[in-house]
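Structure data follow from start_23.tsv (TSV, C-alpha atoms):
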chain	number	residue	atom	x	y	z
A	290	MET	CA	0.00	0.00	0.00
A	291	VAL	CA	1.38	3.40	-0.98
A	292	THR	CA	2.08	5.75	1.97
A	293	GLU	CA	2.12	9.54	2.09
A	294	ARG	CA	5.89	9.55	2.37
A	295	GLN	CA	6.24	7.38	-0.75
A	296	LEU	CA	3.91	9.75	-2.60
A	297	ALA	CA	6.05	12.67	-1.45
A	298	TYR	CA	9.24	10.99	-2.65
A	299	GLY	CA	7.58	10.19	-5.98
A	300	ALA	CA	6.48	13.81	-6.41
A	301	ALA	CA	9.97	14.99	-5.50
A	302	GLY	CA	11.39	12.63	-8.15
A	303	ILE	CA	9.04	14.13	-10.75
A	304	GLY	CA	10.19	17.60	-9.70
A	305	LEU	CA	13.84	16.59	-10.04
A	306	PHE	CA	13.15	15.09	-13.47
A	307	GLY	CA	11.48	18.34	-14.56
A	308	ALA	CA	14.43	20.38	-13.28
A	309	LEU	CA	16.94	18.20	-15.18
A	310	MET	CA	14.85	18.45	-18.35
A	311	CYS	CA	14.73	22.21	-17.95
A	312	LEU	CA	18.52	22.39	-17.75
A	313	ALA	CA	19.00	20.04	-20.68
A	314	SER	CA	16.41	21.62	-22.99
A	315	GLY	CA	18.37	24.80	-23.62
A	316	GLY	CA	15.35	27.12	-23.76
A	317	GLY	CA	12.14	27.27	-25.76
A	318	ILE	CA	8.76	25.72	-25.03
A	319	LEU	CA	10.28	22.49	-23.69
A	320	SER	CA	12.14	24.49	-21.06
A	321	ILE	CA	8.91	26.18	-19.92
A	322	VAL	CA	7.06	22.86	-19.72
A	323	SER	CA	9.94	21.24	-17.80
A	324	ALA	CA	10.07	24.13	-15.35
A	325	PHE	CA	6.31	23.79	-14.79
A	326	ILE	CA	6.70	20.04	-14.13
A	327	ALA	CA	9.50	20.76	-11.64
A	328	PHE	CA	7.33	23.32	-9.87
A	329	LEU	CA	4.35	20.96	-9.62
A	330	GLY	CA	6.51	18.09	-8.40
A	331	THR	CA	8.01	20.24	-5.64
A	332	VAL	CA	4.60	21.57	-4.55
A	333	PHE	CA	3.04	18.11	-4.38
A	334	ALA	CA	6.07	16.71	-2.53
A	335	VAL	CA	5.61	19.33	0.21
A	336	LEU	CA	1.84	18.79	0.30
A	337	PHE	CA	2.13	15.00	0.62
A	338	LEU	CA	4.91	15.18	3.21
A	339	LYS	CA	3.43	17.89	5.47
A	340	TYR	CA	-0.30	17.71	4.79
A	341	GLY	CA	-0.78	14.21	3.41
A	342	TYR	CA	-3.42	13.38	6.03
A	343	ILE	CA	-5.56	16.12	4.43
A	344	VAL	CA	-4.54	15.90	0.76
A	345	VAL	CA	-4.64	12.11	0.31
A	346	PRO	CA	-8.25	11.65	1.56
A	347	LEU	CA	-9.36	14.50	-0.73
A	348	ILE	CA	-7.81	12.72	-3.71
A	349	THR	CA	-9.14	9.26	-2.83
A	350	GLN	CA	-12.65	10.62	-2.17
A	351	ARG	CA	-12.83	12.39	-5.52
A	352	THR	CA	-11.44	9.39	-7.40
A	353	ASN	CA	-13.36	6.86	-5.24
A	354	ILE	CA	-10.22	4.84	-4.55
A	355	ILE	CA	-10.51	1.97	-2.05
A	356	LEU	CA	-7.26	0.68	-0.55
A	357	MET	CA	-6.81	-2.97	0.44
A	358	THR	CA	-4.10	-4.27	2.78
A	359	ASP	CA	-2.45	-7.67	2.38
A	360	THR	CA	-4.23	-8.82	5.57
A	361	GLY	CA	-7.74	-8.22	4.23
A	362	TYR	CA	-8.44	-4.83	5.78
A	363	GLU	CA	-10.15	-2.21	3.62
A	364	ILE	CA	-9.69	1.56	3.76
A	365	PRO	CA	-12.58	3.50	2.15
A	366	PRO	CA	-12.00	6.66	0.07
A	367	SER	CA	-12.54	8.90	3.12
A	368	GLN	CA	-9.52	7.18	4.77
A	369	ASP	CA	-10.85	7.89	8.27
A	370	VAL	CA	-11.75	4.29	9.20
A	371	ILE	CA	-10.48	0.74	8.64
A	372	VAL	CA	-12.95	-2.04	7.74
A	373	LYS	CA	-12.79	-5.83	7.69
A	374	LYS	CA	-15.44	-8.48	7.13
A	375	VAL	CA	-15.46	-11.35	9.62
A	376	GLY	CA	-18.09	-14.00	8.96
A	377	ASN	CA	-21.40	-12.26	8.26
A	378	LEU	CA	-20.46	-9.02	10.02
A	379	TYR	CA	-18.36	-6.01	9.10
A	380	TYR	CA	-16.07	-4.46	11.73
A	381	SER	CA	-14.91	-0.86	11.42
A	382	SER	CA	-12.30	0.92	13.56
A	383	ALA	CA	-11.47	4.60	14.00
A	384	PHE	CA	-8.48	6.24	15.70
A	385	LEU	CA	-8.25	9.50	17.61
A	386	GLY	CA	-5.06	11.46	18.24
A	387	ILE	CA	-4.71	12.85	21.79
A	388	ARG	CA	-2.60	15.96	22.41
A	389	ILE	CA	-1.76	16.30	26.12
A	390	TYR	CA	-0.88	19.72	27.54
A	391	GLU	CA	-0.68	18.92	31.27
A	392	SER	CA	1.32	16.33	33.20
A	393	ALA	CA	0.17	14.50	36.32
A	394	THR	CA	3.46	15.48	38.01
A	395	GLU	CA	2.48	19.15	37.70
A	396	LYS	CA	-0.74	18.65	39.72
A	397	THR	CA	-1.41	18.24	43.41
A	398	THR	CA	-2.65	14.96	44.87
A	399	GLU	CA	-6.15	16.42	45.18
A	400	GLN	CA	-6.14	17.61	41.57
A	401	ASN	CA	-5.05	14.18	40.31
A	402	ALA	CA	-7.75	12.49	42.38
A	403	ALA	CA	-10.42	14.81	40.95
A	404	TYR	CA	-8.97	14.27	37.46
A	405	ASN	CA	-9.26	10.48	37.78
A	406	GLU	CA	-12.80	10.72	39.15
A	407	ASP	CA	-13.92	12.91	36.24
A	408	PHE	CA	-12.38	10.49	33.77
A	409	GLU	CA	-13.99	7.42	35.35
A	410	ARG	CA	-17.35	9.17	35.53
A	411	ALA	CA	-17.18	10.11	31.85
A	412	ILE	CA	-16.01	6.68	30.69
A	413	SER	CA	-18.76	4.92	32.68
A	414	ASN	CA	-21.34	6.54	30.39
A	415	ILE	CA	-19.83	4.95	27.26
A	416	LYS	CA	-21.71	1.83	26.18
A	417	TYR	CA	-19.00	0.40	23.91
A	418	VAL	CA	-15.37	-0.68	24.27
A	419	ALA	CA	-12.75	2.06	23.89
A	420	LYS	CA	-8.99	1.77	24.04
A	421	VAL	CA	-6.58	4.55	25.07
A	422	SER	CA	-2.90	3.88	24.33
A	423	TYR	CA	0.14	5.74	25.66
A	424	MET	CA	3.67	5.34	24.31
A	425	LEU	CA	6.37	6.78	26.58
A	426	TYR	CA	10.08	7.38	26.10
A	427	ALA	CA	12.89	9.44	27.63
A	428	GLU	CA	13.94	12.25	25.29
A	429	ASP	CA	17.48	13.37	24.49
A	430	ILE	CA	18.16	16.68	26.26
A	431	ALA	CA	20.78	17.85	23.72
A	432	GLU	CA	18.34	19.04	21.06
A	433	GLU	CA	15.23	19.11	23.21
A	434	ARG	CA	15.69	22.67	24.46
A	435	LYS	CA	15.84	24.10	20.93
A	436	LYS	CA	12.79	22.10	19.87
A	437	ILE	CA	10.78	23.26	22.88
A	438	GLU	CA	11.77	26.90	22.44
A	439	THR	CA	10.75	26.74	18.77
A	440	LYS	CA	7.39	25.13	19.56
A	441	LYS	CA	6.76	27.66	22.34
A	442	ALA	CA	7.46	30.54	19.96
A	443	GLU	CA	5.09	29.04	17.39
A	444	ALA	CA	2.34	28.65	20.02
A	445	GLN	CA	2.88	32.23	21.23
A	446	LEU	CA	2.60	33.48	17.66
A	447	ARG	CA	-0.70	31.62	17.14
A	448	LEU	CA	-1.98	32.98	20.45
A	449	SER	CA	-0.98	36.54	19.55
A	450	ARG	CA	-2.63	36.35	16.13
A	451	GLU	CA	-5.87	35.00	17.62
A	452	ARG	CA	-5.97	37.72	20.29
A	453	GLU	CA	-5.47	40.42	17.64
A	454	LYS	CA	-8.57	39.35	15.69
A	455	THR	CA	-11.65	41.55	15.91
A	456	GLU	CA	-13.67	38.53	17.08
A	457	PRO	CA	-11.20	36.14	18.73
A	458	ASP	CA	-12.18	32.52	19.35
A	459	VAL	CA	-12.23	31.97	23.13
A	460	LEU	CA	-11.74	28.20	22.77
A	461	LYS	CA	-8.69	28.66	20.53
A	462	ILE	CA	-7.20	31.21	22.93
A	463	ASP	CA	-7.65	28.78	25.82
A	464	LYS	CA	-6.03	25.97	23.80
A	465	TYR	CA	-3.05	28.14	22.77
A	466	GLU	CA	-2.58	29.43	26.33
A	467	ARG	CA	-2.45	25.86	27.64
A	468	GLU	CA	0.02	24.95	24.91
A	469	VAL	CA	2.33	27.87	25.79
A	470	SER	CA	2.06	26.94	29.48
A	471	MET	CA	3.00	23.34	28.67
A	472	TRP	CA	6.15	24.39	26.76
A	473	ASP	CA	7.05	26.79	29.62
A	474	GLU	CA	6.81	23.98	32.14
A	475	GLN	CA	8.97	21.70	30.00
A	476	LEU	CA	11.64	24.40	29.72
A	477	ASN	CA	11.54	24.83	33.51
A	478	LYS	CA	12.04	21.08	33.96
A	479	LEU	CA	15.09	21.16	31.70
A	480	THR	CA	16.46	24.05	33.75
A	481	ARG	CA	16.00	21.97	36.92
A	482	GLY	CA	17.90	19.09	35.31
A	483	MET	CA	14.90	16.78	34.85
A	484	ARG	CA	15.03	14.55	31.77
A	485	PRO	CA	11.83	15.10	29.77
A	486	MET	CA	9.47	12.28	28.89
A	487	GLY	CA	7.95	12.06	25.43
A	488	VAL	CA	4.32	10.95	25.30
A	489	LEU	CA	2.31	9.85	22.28
A	490	ALA	CA	-1.32	8.99	22.99
A	491	TYR	CA	-4.18	7.83	20.82
A	492	ALA	CA	-7.57	6.19	21.26
A	493	MET	CA	-9.29	3.46	19.26
A	494	THR	CA	-12.91	2.39	18.97
A	495	THR	CA	-14.57	-0.36	16.91
A	496	ALA	CA	-18.15	-0.94	15.78
A	497	SER	CA	-19.85	-3.76	13.85
A	498	GLY	CA	-22.69	-3.87	11.35
A	499	VAL	CA	-24.47	-6.21	8.94
A	500	SER	CA	-23.20	-4.05	6.08
A	501	LYS	CA	-20.03	-2.09	5.48
A	502	GLU	CA	-21.94	1.21	5.46
A	503	ALA	CA	-23.66	0.40	8.78
A	504	ALA	CA	-20.36	-0.44	10.49
A	505	ILE	CA	-18.70	2.74	9.19
A	506	ALA	CA	-21.61	4.95	10.25
A	507	ALA	CA	-21.64	3.35	13.71
A	508	VAL	CA	-17.92	3.77	14.35
A	509	ARG	CA	-17.99	7.40	13.17
A	510	GLY	CA	-20.73	8.08	15.71
A	511	GLN	CA	-18.69	6.38	18.44
A	512	ALA	CA	-15.59	8.34	17.45
A	513	ARG	CA	-17.47	11.64	17.74
A	514	GLU	CA	-18.81	10.68	21.16
A	515	LEU	CA	-15.41	9.45	22.36
A	516	LYS	CA	-13.77	12.65	21.11
A	517	VAL	CA	-16.10	14.80	23.21
A	518	THR	CA	-15.76	12.52	26.25
A	519	LEU	CA	-11.96	12.48	26.24
A	520	SER	CA	-11.67	16.21	25.49
A	521	ASN	CA	-13.91	17.17	28.41
A	522	SER	CA	-12.79	14.60	30.99
A	523	LEU	CA	-9.03	14.70	30.33
A	524	ASN	CA	-8.80	18.39	29.29
A	525	VAL	CA	-6.89	17.44	26.15
A	526	GLN	CA	-7.14	18.17	22.44
A	527	VAL	CA	-8.56	15.22	20.48
A	528	GLU	CA	-8.77	14.86	16.70
A	529	GLN	CA	-9.90	11.97	14.53
A	530	LEU	CA	-6.98	10.64	12.53
A	531	ALA	CA	-7.02	9.88	8.81
A	532	ALA	CA	-4.79	8.58	6.03
A	533	ASP	CA	-1.17	7.90	7.04
A	534	GLN	CA	-1.67	9.09	10.64
A	535	MET	CA	-4.46	6.55	11.11
A	536	LEU	CA	-2.42	3.79	9.47
A	537	LYS	CA	0.52	4.42	11.82
A	538	CYS	CA	-1.73	3.86	14.84
A	539	PHE	CA	-3.12	0.74	13.19
A	540	GLU	CA	0.40	-0.62	12.70
A	541	TRP	CA	1.30	0.28	16.29
A	542	GLU	CA	-1.50	-2.02	17.46
A	543	LYS	CA	0.67	-4.88	16.18
A	544	ALA	CA	4.21	-3.58	16.80
A	545	MET	CA	5.39	-0.21	18.10
A	546	PRO	CA	8.72	1.50	17.27
A	547	PRO	CA	11.36	-0.09	19.51
A	548	THR	CA	13.49	3.07	20.03
A	549	PRO	CA	12.74	6.76	20.70
A	550	ARG	CA	14.55	7.72	17.48
A	551	GLU	CA	12.31	5.48	15.37
A	552	LEU	CA	9.18	6.78	17.09
A	553	GLU	CA	10.18	10.41	16.57
A	554	SER	CA	11.05	9.77	12.91
A	555	ALA	CA	7.63	8.15	12.40
A	556	LEU	CA	5.96	11.36	13.57
A	557	VAL	CA	7.68	13.58	11.01
Is it possible to express this structure as structure tokens?
Amino acid sequence: MVTERQLAYGAAGIGLFGALMCLASGGGILSIVSAFIAFLGTVFAVLFLKYGYIVVPLITQRTNIILMTDTGYEIPPSQDVIVKKVGNLYYSSAFLGIRIYESATEKTTEQNAAYNEDFERAISNIKYVAKVSYMLYAEDIAEERKKIETKKAEAQLRLSREREKTEPDVLKIDKYEREVSMWDEQLNKLTRGMRPMGVLAYAMTTASGVSKEAAIAAVRGQARELKVTLSNSLNVQVEQLAADQMLKCFEWEKAMPPTPRELESALV
């Protein structure tokens, strides 16, 4: 199955081919066409590499492309769920990315107890099985400070731009403020000599149906409900994953990256 990164490399190859043709053509209409090919190849390489989770589903939806894995799983054109037929039933799974802005070590004992109670109370209202996965690793301090300072600056810029709008979004401001606070706390930990922990979290839910369409509709409903539940009870940002991001989580259900370097490279 072709991944977003492979598509990006393919587009980059087309761009390189166009650039070489442009140099070899020596001018004229062929040079213009080659330059245009090089430009398109470069643009699509960037789009696939940085925004493939948005671009690829748009392409597959408009072309009605259905992807099949070698293990019998099917990915519909929307690329937001994974489907497989088992016996007379169809099973469909969806994945949600969880972005955590607060650490349990930054809270008091009372705050953690209230946090756990809110989570248990929210989860008890869910009538289906849900899975929340955390992958943890100790990060290398050498480059971590620069990365955190860059991410903090980016979050501050987004916060500043939102505040400057004539009608700022209160929810976005709250999210950006929490993000800036998180990066501040991580910088303070580095200053105190504490080695930072990297956390990657995602949730999974599965639904069944007598038809493929019924299973997909059911799991999308569950994903929306789970998104709201986790967002409110854990005070985190939750987004439904699609395309390559979803497929990574699906692969991690079978085998996760064995080293921090491999995990970080998979997130690029």
Exercise. Near Ile387 of chain A, counting all atoms listed in the file, which residues have an atom at most 6 Å away, once you skip same-chain residues fewer than 4 positions from it, shown as an MDAnalysis selection string?
Worked result: chainID A and resid 490:491 526:527
Exercise. Neighbours of Arg450 of chain A within 12 Å (only C-alpha atoms; same-chain residues fewer than 6 positions away dropped), as number ranges by chain?
Worked result: A: 443-444, 456-458, 461-462, 465
Problem set entry | Residue among A:Lys501, A:Lys440, A:Arg513, A:Lys416 lying closest to Leu385 of chain A, counting all atoms listed in the file | A:Arg513
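Proximity of A:Thr494, A:Thr439, A:Asn405, A:Gln400 to Phe539 of chain A, computed with all atoms listed in the file, is greatest for A:Thr494.
The two atoms in question, atom CA of Ser522 of chain A and atom CA of Phe408 of chain A, are spaced 5.0 Å apart.
Reported to one decimal place, the separation of atom CA of Val375 of chain A from atom CA of Ala506 of chain A is 17.4 Å.
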For this session: Could you check how far atom CA of Thr548 of chain A sits from atom CA of Ala512 of chain A, in Å to one decimal?
Result: 29.7 Å
For this session: In the coordinate frame of the file, compute which residues have an atom within 12 Å of (0.4, 36.4, 23.7) when using all atoms listed in the file, and state them as a PyMOL selection string.
Result: chain A and resi 441-453+462-463+465-470
Problem set entry | Who sits within 12 Å of Glu542 of chain A, only C-alpha atoms, same chain under 5 positions skipped, as a ChimeraX atom specification | /A:382,384,420-424,491-493,535-537
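Of the residues under consideration (A:Thr455, A:Asn414, A:Ile389, A:Glu540), A:Ile389 shows the shortest atom-to-atom contact distance to Leu489 of chain A when counting all atoms listed in the file.
Using all atoms listed in the file for every distance, the candidate list A:Ala427, A:Val372, A:Leu378, A:Leu523 yields A:Leu523 as the residue closest to Ala403 of chain A.
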